Structure formats: structure tokens, C-alpha cells
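Structure file entry_3.cif (mmCIF, C-alpha atoms and all ligand atoms; chains and numbers go by the auth columns) is printed below.
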data_run
#
loop_
_atom_site.group_PDB
_atom_site.id
_atom_site.type_symbol
_atom_site.label_atom_id
_atom_site.label_comp_id
_atom_site.label_asym_id
_atom_site.label_seq_id
_atom_site.Cartn_x
_atom_site.Cartn_y
_atom_site.Cartn_z
_atom_site.B_iso_or_equiv
_atom_site.auth_seq_id
_atom_site.auth_asym_id
ATOM 1 C CA MET A 1 0.000 0.000 0.000 0.00 1 A
ATOM 2 C CA LYS A 2 2.759 2.395 0.959 0.00 2 A
ATOM 3 C CA LYS A 3 4.562 1.658 -2.264 0.00 3 A
ATOM 4 C CA VAL A 4 1.547 2.580 -4.411 0.00 4 A
ATOM 5 C CA LYS A 5 1.303 5.928 -2.675 0.00 5 A
ATOM 6 C CA GLU A 6 4.938 6.710 -3.382 0.00 6 A
ATOM 7 C CA THR A 7 4.501 5.873 -7.043 0.00 7 A
ATOM 8 C CA VAL A 8 1.553 8.254 -7.315 0.00 8 A
ATOM 9 C CA LEU A 9 3.488 11.056 -5.666 0.00 9 A
ATOM 10 C CA PHE A 10 6.383 10.471 -7.998 0.00 10 A
ATOM 11 C CA SER A 11 4.276 10.734 -11.133 0.00 11 A
ATOM 12 C CA VAL A 12 2.702 13.977 -9.890 0.00 12 A
ATOM 13 C CA PHE A 13 6.187 15.345 -9.324 0.00 13 A
ATOM 14 C CA ILE A 14 7.178 14.555 -12.927 0.00 14 A
ATOM 15 C CA ALA A 15 4.066 16.202 -14.286 0.00 15 A
ATOM 16 C CA GLU A 16 4.760 19.376 -12.316 0.00 16 A
ATOM 17 C CA GLU A 17 8.280 19.480 -13.659 0.00 17 A
ATOM 18 C CA THR A 18 6.968 19.122 -17.186 0.00 18 A
ATOM 19 C CA ILE A 19 4.513 21.961 -16.636 0.00 19 A
ATOM 20 C CA GLU A 20 7.265 24.189 -15.244 0.00 20 A
ATOM 21 C CA ARG A 21 9.420 23.438 -18.248 0.00 21 A
ATOM 22 C CA GLU A 22 6.597 24.229 -20.656 0.00 22 A
ATOM 23 C CA LYS A 23 5.827 27.451 -18.783 0.00 23 A
ATOM 24 C CA SER A 24 9.393 28.632 -19.128 0.00 24 A
ATOM 25 C CA LYS A 25 9.298 27.755 -22.835 0.00 25 A
ATOM 26 C CA ALA A 26 6.129 29.851 -23.118 0.00 26 A
ATOM 27 C CA ARG A 27 7.910 32.786 -21.451 0.00 27 A
ATOM 28 C CA GLU A 28 10.673 32.524 -24.030 0.00 28 A
ATOM 29 C CA ILE A 29 8.206 32.423 -26.900 0.00 29 A
ATOM 30 C CA ARG A 30 6.432 35.461 -25.429 0.00 30 A
ATOM 31 C CA ARG A 31 9.623 37.452 -26.013 0.00 31 A
ATOM 32 C CA SER A 32 10.042 36.217 -29.578 0.00 32 A
ATOM 33 C CA ARG A 33 9.476 38.160 -32.761 0.00 33 A
ATOM 34 C CA TRP A 34 6.984 35.470 -33.824 0.00 34 A
ATOM 35 C CA TRP A 35 4.763 36.213 -30.822 0.00 35 A
ATOM 36 C CA HIS A 36 5.019 39.986 -31.214 0.00 36 A
ATOM 37 C CA GLN A 37 3.930 39.664 -34.815 0.00 37 A
ATOM 38 C CA LYS A 38 1.051 37.456 -33.783 0.00 38 A
ATOM 39 C CA CYS A 39 -0.128 40.113 -31.328 0.00 39 A
ATOM 40 C CA ALA A 40 0.605 43.083 -33.565 0.00 40 A
ATOM 41 C CA GLN A 41 -2.975 43.373 -34.803 0.00 41 A
ATOM 42 C CA GLY A 42 -4.347 43.240 -31.272 0.00 42 A
ATOM 43 C CA VAL A 43 -7.068 40.764 -32.195 0.00 43 A
ATOM 44 C CA CYS A 44 -8.246 37.979 -29.895 0.00 44 A
ATOM 45 C CA PHE A 45 -7.959 34.553 -31.498 0.00 45 A
ATOM 46 C CA TYR A 46 -11.186 33.304 -29.920 0.00 46 A
ATOM 47 C CA CYS A 47 -13.705 36.135 -30.127 0.00 47 A
ATOM 48 C CA GLY A 48 -12.082 38.372 -32.741 0.00 48 A
ATOM 49 C CA SER A 49 -12.288 41.487 -30.530 0.00 49 A
ATOM 50 C CA ARG A 50 -9.793 44.230 -31.257 0.00 50 A
ATOM 51 C CA VAL A 51 -8.404 44.855 -27.817 0.00 51 A
ATOM 52 C CA GLY A 52 -4.922 46.075 -28.776 0.00 52 A
ATOM 53 C CA PRO A 53 -1.609 44.211 -28.414 0.00 53 A
ATOM 54 C CA SER A 54 -1.094 45.188 -24.777 0.00 54 A
ATOM 55 C CA ASN A 55 -4.388 43.617 -23.717 0.00 55 A
ATOM 56 C CA LEU A 56 -3.698 40.231 -25.262 0.00 56 A
ATOM 57 C CA THR A 57 -2.483 37.318 -23.186 0.00 57 A
ATOM 58 C CA MET A 58 -0.849 34.109 -24.313 0.00 58 A
ATOM 59 C CA ASP A 59 -3.164 31.147 -24.202 0.00 59 A
ATOM 60 C CA HIS A 60 -2.468 27.445 -24.617 0.00 60 A
ATOM 61 C CA VAL A 61 -5.222 26.021 -26.853 0.00 61 A
ATOM 62 C CA VAL A 62 -4.712 22.654 -25.166 0.00 62 A
ATOM 63 C CA PRO A 63 -3.893 23.563 -21.544 0.00 63 A
ATOM 64 C CA LEU A 64 -0.614 22.328 -20.086 0.00 64 A
ATOM 65 C CA ILE A 65 -2.425 20.308 -17.437 0.00 65 A
ATOM 66 C CA ARG A 66 -4.210 18.399 -20.206 0.00 66 A
ATOM 67 C CA GLY A 67 -0.954 17.555 -21.929 0.00 67 A
ATOM 68 C CA GLY A 68 -0.683 20.627 -24.168 0.00 68 A
ATOM 69 C CA ARG A 69 2.788 21.942 -24.984 0.00 69 A
ATOM 70 C CA SER A 70 4.363 25.346 -25.481 0.00 70 A
ATOM 71 C CA ILE A 71 4.708 25.008 -29.223 0.00 71 A
ATOM 72 C CA LYS A 72 3.727 27.586 -31.802 0.00 72 A
ATOM 73 C CA ASN A 73 0.576 25.871 -32.999 0.00 73 A
ATOM 74 C CA ASN A 74 -0.712 25.500 -29.449 0.00 74 A
ATOM 75 C CA LEU A 75 -0.243 29.190 -28.563 0.00 75 A
ATOM 76 C CA VAL A 76 -2.711 31.922 -29.474 0.00 76 A
ATOM 77 C CA PRO A 77 -3.307 35.523 -28.411 0.00 77 A
ATOM 78 C CA ALA A 78 -6.468 35.812 -26.317 0.00 78 A
ATOM 79 C CA CYS A 79 -8.181 38.776 -24.684 0.00 79 A
ATOM 80 C CA LYS A 80 -8.388 38.707 -20.895 0.00 80 A
ATOM 81 C CA GLU A 81 -12.077 37.936 -20.937 0.00 81 A
ATOM 82 C CA CYS A 82 -11.684 34.851 -23.122 0.00 82 A
ATOM 83 C CA ASN A 83 -8.631 33.742 -21.194 0.00 83 A
ATOM 84 C CA ASN A 84 -10.503 33.884 -17.896 0.00 84 A
ATOM 85 C CA ASN A 85 -13.589 32.207 -19.277 0.00 85 A
ATOM 86 C CA LYS A 86 -11.509 29.416 -20.760 0.00 86 A
ATOM 87 C CA LYS A 87 -9.889 28.827 -17.389 0.00 87 A
ATOM 88 C CA TYR A 88 -13.133 28.507 -15.490 0.00 88 A
ATOM 89 C CA LEU A 89 -15.442 26.838 -17.972 0.00 89 A
ATOM 90 C CA LEU A 90 -15.590 23.116 -18.562 0.00 90 A
ATOM 91 C CA PRO A 91 -14.479 22.092 -22.078 0.00 91 A
ATOM 92 C CA MET A 92 -18.126 21.620 -23.106 0.00 92 A
ATOM 93 C CA GLU A 93 -19.130 25.020 -21.753 0.00 93 A
ATOM 94 C CA TRP A 94 -16.165 26.611 -23.499 0.00 94 A
ATOM 95 C CA GLU A 95 -17.324 25.140 -26.829 0.00 95 A
ATOM 96 C CA GLU A 96 -20.728 26.704 -26.247 0.00 96 A
ATOM 97 C CA TYR A 97 -19.142 30.022 -25.328 0.00 97 A
ATOM 98 C CA LEU A 98 -17.120 30.063 -28.560 0.00 98 A
ATOM 99 C CA LYS A 99 -20.159 29.295 -30.672 0.00 99 A
ATOM 100 C CA GLY A 100 -21.981 32.183 -29.015 0.00 100 A
ATOM 101 C CA ARG A 101 -19.136 34.625 -29.662 0.00 101 A
ATOM 102 C CA LYS A 102 -18.838 33.704 -33.328 0.00 102 A
ATOM 103 C CA GLU A 103 -22.511 34.131 -34.231 0.00 103 A
HETATM 104 ZN ZN ZN B . -11.574 37.218 -26.722 0.00 1 B
#
Would you mind writing the structure in this file as C-alpha cells?
Amino acid sequence: MKKVKETVLFSVFIAEETIEREKSKAREIRRSRWWHQKCAQGVCFYCGSRVGPSNLTMDHVVPLIRGGRSIKNNLVPACKECNNNKKYLLPMEWEEYLKGRKE
């Protein structure tokens, strides 16, 4: 029984390390020319609002905790509203939210 517990703890530890590594990769990408160009128009990827480059945040389309990575095709500029909503909504609810914004 004790051994099982240790194994679980160990795998959580690895996952946290992976997330930290991906977060630091994301920070690097945030400083890149590629990211600045992506934000230059100031448009949110999800809702299409023009909020200006300084109001855009970097969002992982597939979140890190669900196995997403800090790679260019998983990173999009999102306005703060969409970013927050994405964080707190369940995947199903998020789908609904997106449909509503695009109509
Ligand atoms: Zn948005």
C-alpha cells in the first residue's frame, strides 16, 4: 500500500516538472518576434475582438495540465475575458461560449 502511494506522488512530481518546463518555454516564446507579430494586430484569437496588443495574453489552446505543450501551434493571443472564461469553464461550456461569440 505504501509503495503505491509513493509511485503516485512520484508521477505527480514529474508532471509538475513538465509543466514548469513548458511554462518557461512559453515565457521565451512570449519574447520572440513570432509572438510579437502574432499580437501586432491586437485581435483575440477566440472572439475576434480588437483589444490592442497590450491587452492580449498568451493562451495554450490545449492547456498544459491536459498535456498541451508550449509550441507555436498550441499558442494563441487571447483577450483577458476569453482567457478567464476558458480557465473557469468546462471544455463543453467553453465550446458553447465560442459558438456564441462567433454568431
Ligand atoms: Zn476574446
Test item: residues no farther than 6 Å from ligand ZN 1 (chain B), counting only C-alpha atoms and all ligand atoms, as a PyMOL selection string: chain A and resi 44+46-47+49+78-79+81-82
Using only C-alpha atoms: which of A:Ile19, A:Met58, A:Leu98, A:Leu90 has the shortest distance to A:Cys39: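 Closest to A:Cys39 of all the choices is A:Met58.
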Atom-to-atom span, atom CA of A:Asn55 and atom CA of A:Arg101, Å: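 Here the two named atoms are 18.3 Å from each other.
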Residue nearest A:Trp94 - candidates A:Val61, A:Val51, A:Leu75, A:Ala40, atoms counted: all atoms listed in the file: A:Val61
Using only C-alpha atoms: which of A:Ser70, A:Pro63, A:Glu20, A:Val76 has the shortest distance to A:Gly42: A:Val76
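When all atoms listed in the file are used to compute distances to A:Phe45, the closest of the residues A:Arg66, A:Arg21, A:Arg31, A:His60 turns out to be A:His60.
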d(atom CA of A:Ile29, atom CA of A:Lys99) in Å: 28.8 Å
d(atom CA of A:Gly52, atom CA of A:Tyr97) in Å: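 Interatomic distance here is 21.7 Å.
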Test item: the PyMOL selection byres (((chain A and resi 22) around 9) and not hetatm) resolved as a list of chain:residue names: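 So the PyMOL selection byres (((chain A and resi 22) around 9) and not hetatm) ends up selecting A:Glu17, A:Thr18, A:Ile19, A:Glu20, A:Arg21, A:Lys23, A:Ser24, A:Lys25, A:Ala26, A:Arg27, A:Leu64, A:Gly68, A:Arg69, A:Ser70, A:Ile71.
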Box time for stretch 64-76 of chain A: axis-aligned, enclosing all its listed atoms, 4 Å extra on each side; report centre and edge lengths in Å to one decimal, as JSON.
{"center_x": 0.2, "center_y": 24.7, "center_z": -25.2, "size_x": 16.9, "size_y": 22.4, "size_z": 23.6}
Exercise: residues within 8 Å of coordinate (-6.1, 30.4, -19.0), counting all atoms listed in the file, as an NGL selection string: :A and (59-60 or 63 or 83-87)
Selected residue, from A:Leu56, A:Val62, A:Arg50, A:Pro91, that lies nearest to A:Asn74 when counting all atoms listed in the file: A:Val62
